[in-house]
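These notes are about the structure you will find just below.
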Amino acid sequence: MAYWLLKSEPDEWSWDQQKKAGRKGAEWESVRNFQARANMRKMKKGDLGFFYHTGKEKQIVGIVEVVKEAHPESKDKTGTWDCVDVAAVADLPKPVTLADVKANPKLKDMVLARAPRLSVQPVSPQEWSMICRLAGLAKPPTA
């Protein structure tokens with residue numbers, strides 16, 4: 001199993017909307033970056049990811065699970081872009097901000113700290129555990 005971070009503008013697709021999609025989940029759509037697309041193509045059913053609000057918030061607010069592996073995005077008529085489907089798993093008791101990540105020396109190599117604009121990025125198991133601890137999760141979820 002692998003861990004990921006998926007970023008969304010809350011005005012476009014919020015954590016609340018993700019939760020309302022239920023266990024069926026929803027397409028992680030409108031990603032128009034080749035590196036992010038490559039990351040989605042690596043995702044496997046059951047992988048977990050952090051749901052990150054971009055924009056003014058800049059914080060990790062929840063955890064999602066990949067419920068459908070990479071497939072052509074339904075809204076893309078060019079056939080260029082893929083997506084995965086993700087479902088909400090858990091709220092974070094305490095959101096973890098980008099400032100929190102950058103201030104933590106153990107997270108200095110995290111992609112979020114080094115390349116915060118990448119919309120879909122890998123998270124190491126150690127980073128996953130650290131973020132979960134910062135968020136107040138006593139036991140990090142695993143698939």
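Letters A, B, ... mark the chains of the structure tokens in the order given; residue numbers begin at 1 per chain; ligand numbers begin at 1, in order shown.
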Next item on the list: Enumerate the residues of chain A with a DSSP assignment of strand (DSSP E or B), computed from the backbone, and present them as number ranges by chain.
Entry: A: 3-8, 26-27, 48-53, 59-72, 82-97, 120-123
Would you mind listing, for every residue of stretch 55-91 of chain A within 7 Å of stretch 3-23 of chain A, the two atoms forming the shortest contact and the distance between them in Å to one decimal, using only C-alpha atoms, sorted by chain and ascending residue number, as a Markdown table?
```
| residue | atom | partner | partner_atom | distance |
| --- | --- | --- | --- | --- |
| A:Gly55 | CA | A:Glu9 | CA | 6.0 |
| A:Ala87 | CA | A:Arg23 | CA | 5.4 |
| A:Ala88 | CA | A:Lys19 | CA | 5.2 |
```
Check: Got a sec: who's within 9 Å of stretch 81-85 of chain A, counting only C-alpha atoms, leaving out chain neighbours fewer than 6 positions off, as number ranges by chain?
Finding: A: 24-34, 37-38, 40-41, 43, 65-74
Just to be explicit: take each residue in the selection above, keep N, CA, C and O atoms, and write the result as an mmCIF file, in the first residue's frame.
```
data_model
loop_
_atom_site.group_PDB
_atom_site.id
_atom_site.type_symbol
_atom_site.label_atom_id
_atom_site.label_comp_id
_atom_site.auth_asym_id
_atom_site.auth_seq_id
_atom_site.Cartn_x
_atom_site.Cartn_y
_atom_site.Cartn_z
ATOM 1 N N LYS A 24 -18.994 5.277 -2.181
ATOM 2 C CA LYS A 24 -18.770 5.100 -3.621
ATOM 3 C C LYS A 24 -17.650 6.018 -4.103
ATOM 4 O O LYS A 24 -16.921 5.705 -5.026
ATOM 5 N N GLY A 25 -17.531 7.173 -3.471
ATOM 6 C CA GLY A 25 -16.492 8.123 -3.820
ATOM 7 C C GLY A 25 -16.827 8.941 -5.050
ATOM 8 O O GLY A 25 -17.964 8.951 -5.517
ATOM 9 N N ALA A 26 -15.809 9.615 -5.546
ATOM 10 C CA ALA A 26 -15.966 10.488 -6.705
ATOM 11 C C ALA A 26 -14.651 10.547 -7.464
ATOM 12 O O ALA A 26 -13.581 10.303 -6.900
ATOM 13 N N GLU A 27 -14.746 10.865 -8.751
ATOM 14 C CA GLU A 27 -13.544 11.030 -9.566
ATOM 15 C C GLU A 27 -12.713 12.192 -9.028
ATOM 16 O O GLU A 27 -13.245 13.249 -8.706
ATOM 17 N N TRP A 28 -11.403 11.983 -8.957
ATOM 18 C CA TRP A 28 -10.479 13.069 -8.646
ATOM 19 C C TRP A 28 -10.119 13.684 -9.992
ATOM 20 O O TRP A 28 -9.168 13.292 -10.652
ATOM 21 N N GLU A 29 -10.926 14.621 -10.414
ATOM 22 C CA GLU A 29 -10.900 15.119 -11.793
ATOM 23 C C GLU A 29 -10.218 16.468 -11.914
ATOM 24 O O GLU A 29 -9.870 17.110 -10.919
ATOM 25 N N SER A 30 -10.050 16.873 -13.160
ATOM 26 C CA SER A 30 -9.531 18.190 -13.538
ATOM 27 C C SER A 30 -8.055 18.381 -13.224
ATOM 28 O O SER A 30 -7.590 19.508 -13.125
ATOM 29 N N VAL A 31 -7.314 17.293 -13.033
ATOM 30 C CA VAL A 31 -5.874 17.392 -12.832
ATOM 31 C C VAL A 31 -5.235 17.546 -14.208
ATOM 32 O O VAL A 31 -5.409 16.682 -15.071
ATOM 33 N N ARG A 32 -4.520 18.627 -14.407
ATOM 34 C CA ARG A 32 -3.933 18.915 -15.714
ATOM 35 C C ARG A 32 -2.425 19.129 -15.589
ATOM 36 O O ARG A 32 -1.871 20.136 -16.008
ATOM 37 N N ASN A 33 -1.789 18.162 -14.972
ATOM 38 C CA ASN A 33 -0.344 18.175 -14.777
ATOM 39 C C ASN A 33 0.144 16.754 -15.018
ATOM 40 O O ASN A 33 -0.402 15.808 -14.437
ATOM 41 N N PHE A 34 1.157 16.591 -15.871
ATOM 42 C CA PHE A 34 1.610 15.253 -16.247
ATOM 43 C C PHE A 34 2.216 14.482 -15.076
ATOM 44 O O PHE A 34 2.023 13.275 -14.960
ATOM 45 N N ARG A 37 -0.660 13.331 -12.975
ATOM 46 C CA ARG A 37 -1.329 12.220 -13.669
ATOM 47 C C ARG A 37 -0.523 10.935 -13.491
ATOM 48 O O ARG A 37 -1.088 9.865 -13.231
ATOM 49 N N ALA A 38 0.798 11.026 -13.619
ATOM 50 C CA ALA A 38 1.652 9.842 -13.441
ATOM 51 C C ALA A 38 1.497 9.284 -12.024
ATOM 52 O O ALA A 38 1.463 8.061 -11.830
ATOM 53 N N MET A 40 -1.213 9.498 -10.149
ATOM 54 C CA MET A 40 -2.509 8.819 -10.073
ATOM 55 C C MET A 40 -2.454 7.453 -10.748
ATOM 56 O O MET A 40 -3.092 6.504 -10.293
ATOM 57 N N ARG A 41 -1.689 7.348 -11.810
ATOM 58 C CA ARG A 41 -1.572 6.056 -12.500
ATOM 59 C C ARG A 41 -0.868 5.007 -11.640
ATOM 60 O O ARG A 41 -1.003 3.814 -11.875
ATOM 61 N N MET A 43 -1.418 4.765 -8.356
ATOM 62 C CA MET A 43 -2.283 4.471 -7.216
ATOM 63 C C MET A 43 -2.997 3.138 -7.388
ATOM 64 O O MET A 43 -3.405 2.777 -8.482
ATOM 65 N N GLU A 65 -9.576 7.245 0.594
ATOM 66 C CA GLU A 65 -9.103 5.945 0.120
ATOM 67 C C GLU A 65 -9.361 5.847 -1.370
ATOM 68 O O GLU A 65 -10.424 6.266 -1.849
ATOM 69 N N VAL A 66 -8.397 5.301 -2.100
ATOM 70 C CA VAL A 66 -8.596 5.059 -3.530
ATOM 71 C C VAL A 66 -9.572 3.889 -3.658
ATOM 72 O O VAL A 66 -9.303 2.790 -3.167
ATOM 73 N N VAL A 67 -10.713 4.147 -4.320
ATOM 74 C CA VAL A 67 -11.720 3.096 -4.482
ATOM 75 C C VAL A 67 -11.802 2.619 -5.931
ATOM 76 O O VAL A 67 -12.435 1.597 -6.209
ATOM 77 N N LYS A 68 -11.174 3.337 -6.842
ATOM 78 C CA LYS A 68 -11.097 2.910 -8.241
ATOM 79 C C LYS A 68 -9.784 3.420 -8.811
ATOM 80 O O LYS A 68 -9.471 4.597 -8.715
ATOM 81 N N GLU A 69 -9.025 2.498 -9.407
ATOM 82 C CA GLU A 69 -7.713 2.856 -9.952
ATOM 83 C C GLU A 69 -7.854 3.724 -11.193
ATOM 84 O O GLU A 69 -8.955 3.926 -11.716
ATOM 85 N N ALA A 70 -6.728 4.222 -11.673
ATOM 86 C CA ALA A 70 -6.688 5.180 -12.787
ATOM 87 C C ALA A 70 -7.513 4.710 -13.982
ATOM 88 O O ALA A 70 -7.445 3.550 -14.390
ATOM 89 N N HIS A 71 -8.284 5.649 -14.500
ATOM 90 C CA HIS A 71 -9.140 5.418 -15.669
ATOM 91 C C HIS A 71 -9.325 6.756 -16.370
ATOM 92 O O HIS A 71 -9.048 7.808 -15.781
ATOM 93 N N PRO A 72 -9.786 6.764 -17.625
ATOM 94 C CA PRO A 72 -9.995 8.028 -18.318
ATOM 95 C C PRO A 72 -10.996 8.909 -17.555
ATOM 96 O O PRO A 72 -12.038 8.428 -17.104
ATOM 97 N N GLU A 73 -10.648 10.160 -17.419
ATOM 98 C CA GLU A 73 -11.535 11.110 -16.738
ATOM 99 C C GLU A 73 -12.786 11.330 -17.576
ATOM 100 O O GLU A 73 -12.699 11.600 -18.773
ATOM 101 N N SER A 74 -13.938 11.241 -16.952
ATOM 102 C CA SER A 74 -15.198 11.314 -17.699
ATOM 103 C C SER A 74 -15.437 12.674 -18.353
ATOM 104 O O SER A 74 -16.100 12.742 -19.386
#
```
Item checked: Surrounding residues of A:Met130 excluding itself and chain neighbours under 6 positions, 12 Å, only C-alpha atoms, as a ChimeraX atom specification -> /A:96,100-101,104-108,110,123-124,136-140
Notebook entry, point to check: What does the distance from atom CA of A:Thr54 to atom CA of A:Ala115 come to in Å, to one decimal?
Noted result: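 Distance between the two atoms: 13.2 Å.
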Notebook entry, point to check: Closest to A:Gln121 among A:Ala103, A:Val61, A:Ala36, A:Leu134, using only C-alpha atoms?
Noted result: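 Going through A:Ala103, A:Val61, A:Ala36, A:Leu134 one by one, the smallest distance to A:Gln121 is for A:Ala36.
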Item checked: Option closest in space to A:Arg117, from A:Leu92, A:Val64, A:Leu48, A:Leu98 [counting only C-alpha atoms] ->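 Among A:Leu92, A:Val64, A:Leu48, A:Leu98, it is A:Leu98 that comes nearest to A:Arg117.
Comparing the minimum interatomic distances between A:Glu57 and each of A:Lys75, A:Val89, A:Ala99, A:Asn39, counting only C-alpha atoms, we find that A:Ala99 sits nearest.
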Check: From the set A:Pro125, A:Lys77, A:Thr97, A:Ala135, which residue has the shortest atom-to-atom contact distance to A:Met1, counting only C-alpha atoms?
Finding: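 Smallest separation from A:Met1 among the options: A:Pro125.
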Check: atom CA of A:Pro93 and atom CA of A:Thr142 are how many Å apart?
Finding: 16.7 Å
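The coordinates place atom CA of A:Thr80 at 25.2 Å from atom CA of A:His53.
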